[in-house]
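With compact mmCIF, C-alpha atoms inside, this is query_28.txt:
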```txt
# COMPACT_ATOMS: atom_id res chain seq x y z
CA MET S 1 -15.45 -19.33 -62.93
CA ARG S 2 -19.08 -19.93 -63.67
CA LYS S 3 -21.25 -17.05 -64.76
CA ASP S 4 -24.06 -17.98 -62.37
CA LEU S 5 -21.69 -17.46 -59.45
CA MET S 6 -21.65 -13.73 -60.17
CA GLU S 7 -24.48 -13.19 -57.71
CA ILE S 8 -22.30 -14.10 -54.72
CA LEU S 9 -19.27 -12.14 -55.93
CA ALA S 10 -18.46 -8.66 -54.69
CA CYS S 11 -15.63 -6.17 -54.91
CA PRO S 12 -13.20 -6.96 -52.05
CA MET S 13 -12.89 -3.25 -51.26
CA CYS S 14 -16.35 -1.64 -51.42
CA LYS S 15 -18.33 -4.93 -51.49
CA GLY S 16 -20.27 -3.51 -54.42
CA GLU S 17 -21.35 -5.23 -57.60
CA LEU S 18 -18.90 -6.36 -60.26
CA THR S 19 -19.50 -6.34 -64.00
CA LEU S 20 -18.21 -9.30 -65.98
CA SER S 21 -16.44 -9.00 -69.34
CA ILE S 22 -15.60 -12.28 -71.05
CA ASP S 23 -12.51 -12.73 -73.24
CA GLU S 24 -12.63 -16.51 -73.42
CA GLU S 25 -15.21 -19.04 -72.29
CA LYS S 26 -15.72 -22.76 -72.43
CA ASP S 27 -19.20 -24.16 -71.82
CA ASP S 28 -20.54 -22.30 -68.73
CA GLU S 29 -17.06 -21.44 -67.56
CA VAL S 30 -15.34 -18.07 -67.98
CA VAL S 31 -11.69 -18.94 -68.66
CA ARG S 32 -10.37 -15.41 -69.16
CA GLY S 33 -11.97 -12.06 -68.59
CA THR S 34 -12.33 -9.13 -66.25
CA LEU S 35 -14.50 -8.19 -63.30
CA TYR S 36 -14.98 -4.45 -63.07
CA CYS S 37 -16.03 -2.44 -60.03
CA ALA S 38 -17.48 0.87 -61.22
CA ALA S 39 -17.50 2.38 -57.71
CA CYS S 40 -13.75 1.79 -57.20
CA ASP S 41 -12.90 1.99 -60.91
CA GLU S 42 -10.89 -1.20 -60.41
CA ARG S 43 -10.47 -4.16 -62.75
CA TYR S 44 -9.96 -7.68 -61.42
CA PRO S 45 -8.59 -10.20 -63.93
CA ILE S 46 -9.89 -13.73 -64.48
CA GLU S 47 -7.11 -16.05 -65.65
CA ASP S 48 -7.25 -19.82 -66.09
CA SER S 49 -10.84 -19.71 -64.77
CA ILE S 50 -9.77 -18.17 -61.44
CA PRO S 51 -10.77 -14.59 -60.64
CA ASN S 52 -8.03 -12.66 -58.86
CA LEU S 53 -9.92 -10.67 -56.27
CA LEU S 54 -7.05 -9.69 -54.04
CA PRO S 55 -7.30 -6.03 -53.01
CA PRO S 56 -5.44 -3.84 -55.54
CA ASP S 57 -2.37 -3.10 -53.38
CA LEU S 58 -1.82 -6.77 -52.58
CA ARG S 59 -2.53 -7.84 -56.16
CA LYS S 60 0.11 -5.50 -57.50
CA ALA S 61 2.61 -6.39 -54.77
CA THR S 62 2.48 -10.17 -55.18
CA SER S 63 3.82 -12.33 -57.94
CA GLY S 64 1.44 -14.26 -60.14
CA ALA S 65 -0.98 -11.33 -60.16
CA MET X 66 10.44 -6.61 -33.51
CA SER X 67 7.09 -7.43 -35.02
CA ARG X 68 6.74 -8.46 -38.61
CA THR X 69 4.56 -6.44 -40.95
CA ASP X 70 1.37 -7.88 -42.39
CA GLY X 71 2.98 -7.84 -45.83
CA GLU X 72 6.01 -9.84 -44.66
CA ILE X 73 3.77 -12.41 -43.02
CA LYS X 74 1.57 -12.78 -46.10
CA ALA X 75 4.61 -13.13 -48.37
CA ALA X 76 6.07 -15.84 -46.11
CA VAL X 77 2.77 -17.70 -46.00
CA GLN X 78 2.34 -17.54 -49.78
CA GLU X 79 5.90 -18.75 -50.33
CA HIS X 80 5.48 -21.67 -47.92
CA TYR X 81 2.19 -22.89 -49.36
CA GLY X 82 3.17 -22.14 -52.95
CA ALA X 83 6.14 -24.48 -52.54
CA ARG X 84 3.88 -27.11 -50.99
CA ALA X 85 1.46 -26.88 -53.90
CA ARG X 86 4.25 -27.23 -56.43
CA GLN X 87 5.40 -30.40 -54.68
CA ALA X 88 1.78 -31.44 -54.16
CA SER X 89 2.73 -32.37 -50.62
CA SER X 90 1.17 -31.55 -47.32
CA CYS X 91 3.20 -29.87 -44.61
CA CYS X 92 1.09 -31.77 -42.20
CA GLY X 93 2.65 -35.18 -41.99
CA ASP X 94 3.03 -38.12 -44.29
CA ALA X 95 0.88 -39.58 -47.03
CA GLY X 96 -1.43 -41.20 -44.49
CA HIS X 97 -2.24 -37.85 -42.85
CA ARG X 98 -5.33 -37.21 -44.93
CA GLU X 99 -6.76 -40.69 -44.35
CA ARG X 100 -6.24 -40.48 -40.57
CA LEU X 101 -7.69 -37.00 -40.34
CA TYR X 102 -10.73 -37.85 -42.41
CA ALA X 103 -11.32 -41.35 -41.04
CA GLY X 104 -15.00 -42.08 -41.46
CA GLN X 105 -15.37 -39.60 -44.32
CA GLU X 106 -15.87 -40.95 -47.80
CA LEU X 107 -12.70 -39.91 -49.59
CA GLY X 108 -13.46 -42.42 -52.33
CA ASP X 109 -12.01 -41.36 -55.63
CA LEU X 110 -10.27 -38.18 -54.50
CA PRO X 111 -6.76 -38.21 -56.01
CA GLU X 112 -3.65 -37.91 -53.82
CA THR X 113 -3.08 -34.35 -55.06
CA VAL X 114 -6.17 -33.37 -53.07
CA ALA X 115 -4.00 -33.35 -49.97
CA SER X 116 -5.03 -32.17 -46.55
CA TYR X 117 -3.11 -29.36 -44.89
CA GLY X 118 -5.62 -29.25 -42.10
CA CYS X 119 -5.36 -29.73 -38.37
CA GLY X 120 -8.70 -31.29 -37.64
CA ASN X 121 -11.61 -32.92 -39.37
CA PRO X 122 -14.31 -30.34 -39.78
CA ALA X 123 -17.24 -32.53 -38.79
CA ALA X 124 -19.22 -29.52 -39.99
CA ILE X 125 -18.98 -30.89 -43.50
CA ALA X 126 -21.09 -33.86 -42.51
CA ALA X 127 -23.80 -31.51 -41.20
CA LEU X 128 -24.16 -29.52 -44.41
CA ARG X 129 -27.55 -29.57 -46.05
CA PRO X 130 -28.48 -29.73 -49.74
CA GLY X 131 -28.71 -26.28 -51.33
CA GLU X 132 -26.45 -24.49 -48.86
CA VAL X 133 -23.79 -21.98 -49.89
CA VAL X 134 -20.45 -22.79 -48.28
CA LEU X 135 -17.34 -20.63 -48.12
CA ASP X 136 -13.99 -22.30 -47.36
CA LEU X 137 -11.34 -19.90 -46.10
CA GLY X 138 -7.93 -20.99 -47.31
CA SER X 139 -9.14 -23.80 -49.54
CA GLY X 140 -5.69 -25.11 -50.56
CA PRO X 141 -5.92 -28.06 -52.95
CA GLY X 142 -9.69 -28.14 -52.37
CA LEU X 143 -10.24 -31.26 -50.25
CA ASP X 144 -12.84 -29.75 -47.91
CA CYS X 145 -14.52 -28.00 -50.85
CA PHE X 146 -14.96 -31.26 -52.73
CA LEU X 147 -16.27 -33.05 -49.64
CA ALA X 148 -18.65 -30.15 -48.95
CA ALA X 149 -19.79 -30.13 -52.59
CA ARG X 150 -21.12 -33.66 -52.21
CA GLU X 151 -23.21 -32.65 -49.22
CA VAL X 152 -24.75 -29.48 -50.66
CA GLY X 153 -25.46 -31.13 -54.00
CA ALA X 154 -26.30 -29.58 -57.35
CA THR X 155 -28.47 -26.85 -55.81
CA GLY X 156 -25.72 -25.81 -53.41
CA ARG X 157 -22.49 -23.92 -53.96
CA VAL X 158 -19.02 -24.10 -52.48
CA ILE X 159 -16.59 -21.23 -52.82
CA GLY X 160 -12.93 -21.82 -52.07
CA LEU X 161 -10.97 -18.69 -51.21
CA ASP X 162 -7.18 -18.77 -51.22
CA MET X 163 -4.43 -16.23 -51.84
CA THR X 164 -1.71 -18.56 -53.16
CA PRO X 165 -1.71 -18.92 -56.97
CA ASP X 166 -0.03 -22.35 -57.01
CA MET X 167 -2.61 -23.74 -54.58
CA LEU X 168 -5.46 -22.33 -56.69
CA ALA X 169 -3.98 -23.85 -59.84
CA LEU X 170 -3.74 -27.22 -58.08
CA ALA X 171 -7.31 -26.90 -56.79
CA GLU X 172 -8.61 -26.01 -60.26
CA GLU X 173 -6.77 -29.00 -61.74
CA ASN X 174 -8.25 -31.26 -59.06
CA LYS X 175 -11.71 -29.86 -59.83
CA ARG X 176 -11.33 -30.66 -63.50
CA LYS X 177 -10.13 -34.20 -62.73
CA LEU X 178 -13.14 -34.77 -60.48
CA GLY X 179 -15.61 -33.12 -62.86
CA VAL X 180 -17.15 -31.13 -60.01
CA THR X 181 -19.39 -28.26 -61.13
CA ASN X 182 -20.66 -26.73 -57.88
CA VAL X 183 -17.27 -25.59 -56.55
CA GLU X 184 -15.63 -22.28 -57.43
CA PHE X 185 -12.13 -21.15 -56.51
CA ARG X 186 -11.20 -17.53 -56.31
CA ARG X 187 -8.06 -15.70 -55.37
CA GLY X 188 -8.58 -13.31 -52.53
CA GLU X 189 -7.75 -12.63 -48.93
CA MET X 190 -9.93 -13.50 -46.01
CA GLU X 191 -9.38 -10.08 -44.41
CA SER X 192 -11.28 -8.49 -47.32
CA MET X 193 -13.45 -11.18 -48.80
CA PRO X 194 -14.70 -10.72 -52.38
CA VAL X 195 -18.11 -11.97 -51.31
CA GLU X 196 -21.50 -10.24 -51.09
CA ASP X 197 -23.08 -9.37 -47.76
CA ALA X 198 -25.34 -12.04 -46.27
CA SER X 199 -24.83 -14.53 -49.11
CA VAL X 200 -23.27 -17.53 -47.33
CA ASP X 201 -24.87 -20.20 -45.10
CA VAL X 202 -21.76 -21.84 -43.71
CA ILE X 203 -18.12 -20.82 -43.38
CA ILE X 204 -15.60 -23.61 -42.98
CA SER X 205 -11.85 -23.33 -42.61
CA ASN X 206 -9.24 -25.86 -41.72
CA CYS X 207 -6.08 -24.67 -39.99
CA VAL X 208 -5.85 -21.38 -41.87
CA ILE X 209 -7.18 -18.43 -39.87
CA ASN X 210 -4.14 -18.66 -37.57
CA LEU X 211 -2.04 -17.59 -40.57
CA SER X 212 -3.79 -14.23 -40.83
CA PRO X 213 -2.02 -11.20 -39.34
CA ASP X 214 -5.45 -9.56 -38.81
CA LYS X 215 -7.84 -12.12 -37.36
CA ASP X 216 -10.35 -9.48 -36.24
CA ALA X 217 -10.80 -8.52 -39.90
CA VAL X 218 -11.33 -12.19 -40.79
CA PHE X 219 -14.02 -12.56 -38.11
CA ARG X 220 -15.70 -9.26 -39.07
CA GLU X 221 -15.75 -10.26 -42.72
CA SER X 222 -17.10 -13.69 -41.77
CA ALA X 223 -19.98 -12.07 -39.89
CA ARG X 224 -20.66 -9.77 -42.84
CA VAL X 225 -20.90 -12.47 -45.52
CA LEU X 226 -22.97 -14.91 -43.46
CA ARG X 227 -26.75 -14.83 -43.67
CA ALA X 228 -28.80 -14.50 -40.50
CA ASP X 229 -28.55 -17.83 -38.69
CA GLY X 230 -25.50 -18.65 -40.77
CA ARG X 231 -22.78 -20.54 -39.00
CA LEU X 232 -19.03 -20.75 -38.84
CA HIS X 233 -17.39 -24.13 -38.20
CA VAL X 234 -13.63 -24.01 -38.21
CA SER X 235 -10.68 -26.09 -37.13
CA ASP X 236 -7.63 -24.13 -36.19
CA VAL X 237 -4.42 -24.18 -34.25
CA VAL X 238 -4.69 -22.26 -30.99
CA LEU X 239 -2.17 -21.64 -28.28
CA SER X 240 -2.22 -23.45 -24.97
CA ARG X 241 0.21 -20.88 -23.54
CA ALA X 242 1.60 -17.52 -24.60
CA LEU X 243 4.58 -17.56 -26.99
CA SER X 244 7.76 -15.50 -26.60
CA GLN X 245 8.34 -12.59 -28.98
CA ALA X 246 11.21 -14.59 -30.58
CA GLU X 247 8.82 -17.45 -31.34
CA ARG X 248 6.30 -15.00 -32.75
CA ASP X 249 8.88 -13.45 -35.01
CA ASP X 250 9.90 -16.70 -36.56
CA LEU X 251 8.23 -16.60 -39.94
CA ALA X 252 8.92 -20.27 -40.54
CA LEU X 253 6.90 -20.96 -37.44
CA TRP X 254 4.20 -18.63 -38.72
CA ALA X 255 3.79 -20.41 -42.02
CA GLY X 256 3.77 -23.72 -40.15
CA CYS X 257 0.69 -22.60 -38.21
CA SER X 258 1.92 -21.84 -34.77
CA SER X 259 3.37 -18.45 -33.98
CA GLY X 260 0.37 -16.67 -35.51
CA ALA X 261 -2.07 -18.63 -33.40
CA LEU X 262 -4.20 -16.98 -30.72
CA LEU X 263 -4.82 -18.25 -27.24
CA GLU X 264 -8.03 -20.25 -27.41
CA SER X 265 -9.88 -17.90 -25.06
CA ASP X 266 -8.76 -14.93 -27.17
CA TYR X 267 -10.00 -16.66 -30.33
CA VAL X 268 -13.41 -17.20 -28.80
CA GLY X 269 -13.50 -13.65 -27.40
CA ARG X 270 -12.68 -12.10 -30.76
CA LEU X 271 -15.42 -14.11 -32.48
CA ARG X 272 -17.89 -12.73 -29.92
CA ALA X 273 -16.56 -9.23 -30.44
CA ALA X 274 -17.21 -9.62 -34.17
CA GLY X 275 -20.87 -10.26 -33.36
CA PHE X 276 -21.01 -14.05 -33.28
CA GLU X 277 -23.19 -15.84 -30.74
CA ASP X 278 -23.16 -19.32 -29.24
CA VAL X 279 -19.41 -19.51 -29.74
CA ARG X 280 -18.15 -22.82 -28.48
CA VAL X 281 -15.18 -25.15 -28.65
CA ASP X 282 -16.51 -28.48 -29.91
CA SER X 283 -13.36 -30.53 -29.59
CA ARG X 284 -9.66 -30.27 -28.92
CA SER X 285 -6.70 -32.33 -29.99
CA ALA X 286 -3.30 -31.99 -28.39
CA VAL X 287 -0.14 -31.96 -30.43
CA GLY X 288 2.28 -33.67 -28.06
CA GLU X 289 3.74 -31.37 -25.42
CA LYS X 290 3.77 -28.38 -27.72
CA ALA X 291 2.51 -24.94 -26.82
CA TRP X 292 -0.49 -25.26 -29.09
CA HIS X 293 -3.37 -27.60 -29.87
CA SER X 294 -6.00 -27.79 -32.55
CA ALA X 295 -9.58 -26.88 -31.76
CA THR X 296 -12.81 -27.09 -33.67
CA ILE X 297 -14.89 -24.03 -33.01
CA SER X 298 -18.50 -23.21 -33.88
CA ALA X 299 -20.10 -19.77 -33.92
CA TYR X 300 -23.46 -18.49 -35.12
CA LYS X 301 -24.67 -15.27 -36.64
CA ARG X 302 -28.11 -14.51 -35.30
CA ALA X 303 -30.62 -12.15 -36.86
CA SER X 304 -30.01 -9.65 -34.05
CA SER X 305 -26.46 -10.54 -33.23
CA ALA X 306 -24.96 -8.57 -30.39
CA PRO X 307 -22.21 -10.21 -28.34
CA PRO X 308 -23.27 -10.99 -24.75
CA ALA X 309 -21.19 -9.22 -22.11
CA GLY X 310 -18.89 -11.30 -19.95
CA ALA X 311 -19.49 -14.60 -21.72
CA THR X 312 -16.75 -17.18 -21.45
CA ALA X 313 -15.68 -20.14 -23.52
CA ALA X 314 -17.35 -23.46 -22.91
CA THR X 315 -15.03 -25.72 -21.02
CA VAL X 316 -13.93 -28.79 -22.88
CA PRO X 317 -11.13 -30.88 -21.40
CA LEU X 318 -7.98 -31.13 -23.47
CA ALA X 319 -8.03 -34.74 -24.59
CA ALA X 320 -4.41 -35.79 -24.96
CA SER X 321 -5.60 -39.24 -25.94
CA ALA X 322 -7.39 -37.89 -29.00
CA VAL X 323 -4.16 -36.89 -30.66
CA VAL X 324 -4.48 -35.86 -34.26
CA SER X 325 -0.99 -35.50 -35.59
CA CYS X 326 -1.24 -32.09 -37.12
CA GLY X 327 2.48 -31.81 -37.59
CA CYS X 328 1.98 -28.09 -37.98
CA GLY X 329 4.91 -26.21 -36.56
CA PRO X 330 8.68 -26.06 -36.85
CA ASN X 331 9.04 -29.66 -38.00
CA CYS X 332 5.99 -29.49 -40.17
```
Starting from the file, give its structure as structure tokens.
Amino acid sequence: MRKDLMEILACPMCKGELTLSIDEEKDDEVVRGTLYCAACDERYPIEDSIPNLLPPDLRKATSGA
Amino acid sequence: MSRTDGEIKAAVQEHYGARARQASSCCGDAGHRERLYAGQELGDLPETVASYGCGNPAAIAALRPGEVVLDLGSGPGLDCFLAAREVGATGRVIGLDMTPDMLALAEENKRKLGVTNVEFRRGEMESMPVEDASVDVIISNCVINLSPDKDAVFRESARVLRADGRLHVSDVVLSRALSQAERDDLALWAGCSSGALLESDYVGRLRAAGFEDVRVDSRSAVGEKAWHSATISAYKRASSAPPAGATAATVPLAASAVVSCGCGPNC
């Protein structure tokens, strides 16, 4: 995921802002990291450049989360 | 007995995950994509950028440079990559999908193509991870019918669109009501038919979500089956409030314009 796409991103639950933490990046691309919603106190992982923004219950219930 | 939302979502993920792993479309043979997108410049798109769609979203051709596009159920990314060409470097295309194998395939396709203005994210269309009023155009190709909560999809669509934003989708809709047994068949569901709404219901629910100028642009019959594919447009106006008693525009069902969707039991 590209950092400049952050402006369109929102928490799937409260639609509030997300804060990006980067664990691994390549050029402009975040390969691994976390998106954090302070309002919901929820962390959404970024793996293989794809942020997993499924709502928490669905994320935990499905494989590949 | 009705299936739960969770059961439906699990069945849909399983169906499309398997398709992604085989890099095959449920919707017909290898020529499906070329027939569906006749007249569109597919050019160098690799075969793994398959189409699972049921109609050519002509909407892609009408996109303007700089627009932000959201594709609901982006699959291997075909519509996203086509849209990306239209919106150009100043535009953005976001592909939303809930199936990890599809997203991995889409990301791989993106890397192969070297596209930089497309982003894929895992999420569900009933609770979109997208800011309010941040999108110009929503596209979706034969996906919304898979959702167990279409009202939520339409509400979320209205929320993320900017004023005067538009929704252009192709989807499978019912030409007649299905029996409860047909509805319960999860294989049917994942093949895009038992979850489909009657066309008039589809249009009515879009209006109820606050969309205006909802219209059916074209229809394609799928043989004698109980469903057909429709391309539907809807607009979010600055002061959107659904008009009372409005009805769907009447477009004749053109059996001659058959697009072989293949969606359904033999999909």
Suppose you want the space between CA of Ser199 (chain X) and CA of Ser222 (chain X); what is it in Å?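 Distance reported for this atom pair: 10.7 Å.
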Check your understanding: Of the residues X:Arg157, X:Arg186, X:Arg84, X:Arg224, which is the one nearest to chain S, using all atoms listed in the file?
Key ->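 Closest candidate: X:Arg186.
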Proximity of chain X to chain S: per-residue shortest pair, 9 Å limit, only C-alpha atoms, as a Markdown table:
```
| residue | atom | partner | partner_atom | distance |
| --- | --- | --- | --- | --- |
| X:Gly71 | CA | S:Leu58 | CA | 8.4 |
| X:Ala75 | CA | S:Thr62 | CA | 7.7 |
| X:Arg157 | CA | S:Leu5 | CA | 8.5 |
| X:Met163 | CA | S:Leu54 | CA | 7.4 |
| X:Thr164 | CA | S:Gly64 | CA | 8.8 |
| X:Pro165 | CA | S:Gly64 | CA | 6.5 |
| X:Asp166 | CA | S:Gly64 | CA | 8.8 |
| X:Leu168 | CA | S:Ile50 | CA | 7.6 |
| X:Ala169 | CA | S:Asp48 | CA | 8.1 |
| X:Glu172 | CA | S:Ile50 | CA | 8.0 |
| X:Thr181 | CA | S:Arg2 | CA | 8.7 |
| X:Glu184 | CA | S:Met1 | CA | 6.2 |
| X:Phe185 | CA | S:Ile50 | CA | 6.2 |
| X:Arg186 | CA | S:Pro51 | CA | 5.3 |
| X:Arg187 | CA | S:Asn52 | CA | 4.6 |
| X:Gly188 | CA | S:Leu54 | CA | 4.2 |
| X:Glu189 | CA | S:Leu54 | CA | 5.9 |
| X:Ser192 | CA | S:Pro12 | CA | 5.3 |
| X:Met193 | CA | S:Pro12 | CA | 5.3 |
| X:Pro194 | CA | S:Pro12 | CA | 4.1 |
| X:Val195 | CA | S:Ala10 | CA | 4.7 |
| X:Glu196 | CA | S:Ala10 | CA | 5.0 |
| X:Asp197 | CA | S:Lys15 | CA | 7.5 |
| X:Ser199 | CA | S:Ile8 | CA | 6.2 |
| X:Val200 | CA | S:Ile8 | CA | 8.2 |
```
Q.
Just the number, please: distance in Å from CA of Cys207 (chain X) to CA of Leu263 (chain X), one decimal.
A.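 The value is 14.3 Å.
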### Message
I'd like the contact shell of Leu226 (chain X) - 10 Å cut-off, only C-alpha atoms, skipping same-chain residues fewer than 2 positions apart - returned as a ChimeraX atom specification.
### Response
/X:133-135,195-203,221-224,228-232,300-302
Selection: 7 Å around region 33-42 of chain S, all atoms listed in the file, excl. self and same-chain fewer than 2 positions, as an MDAnalysis selection string = chainID S and resid 11 17:24 30:31 44:47
Correct to one decimal, the distance CA of Lys215 (chain X)-CA of Met190 (chain X) is 9.0 Å
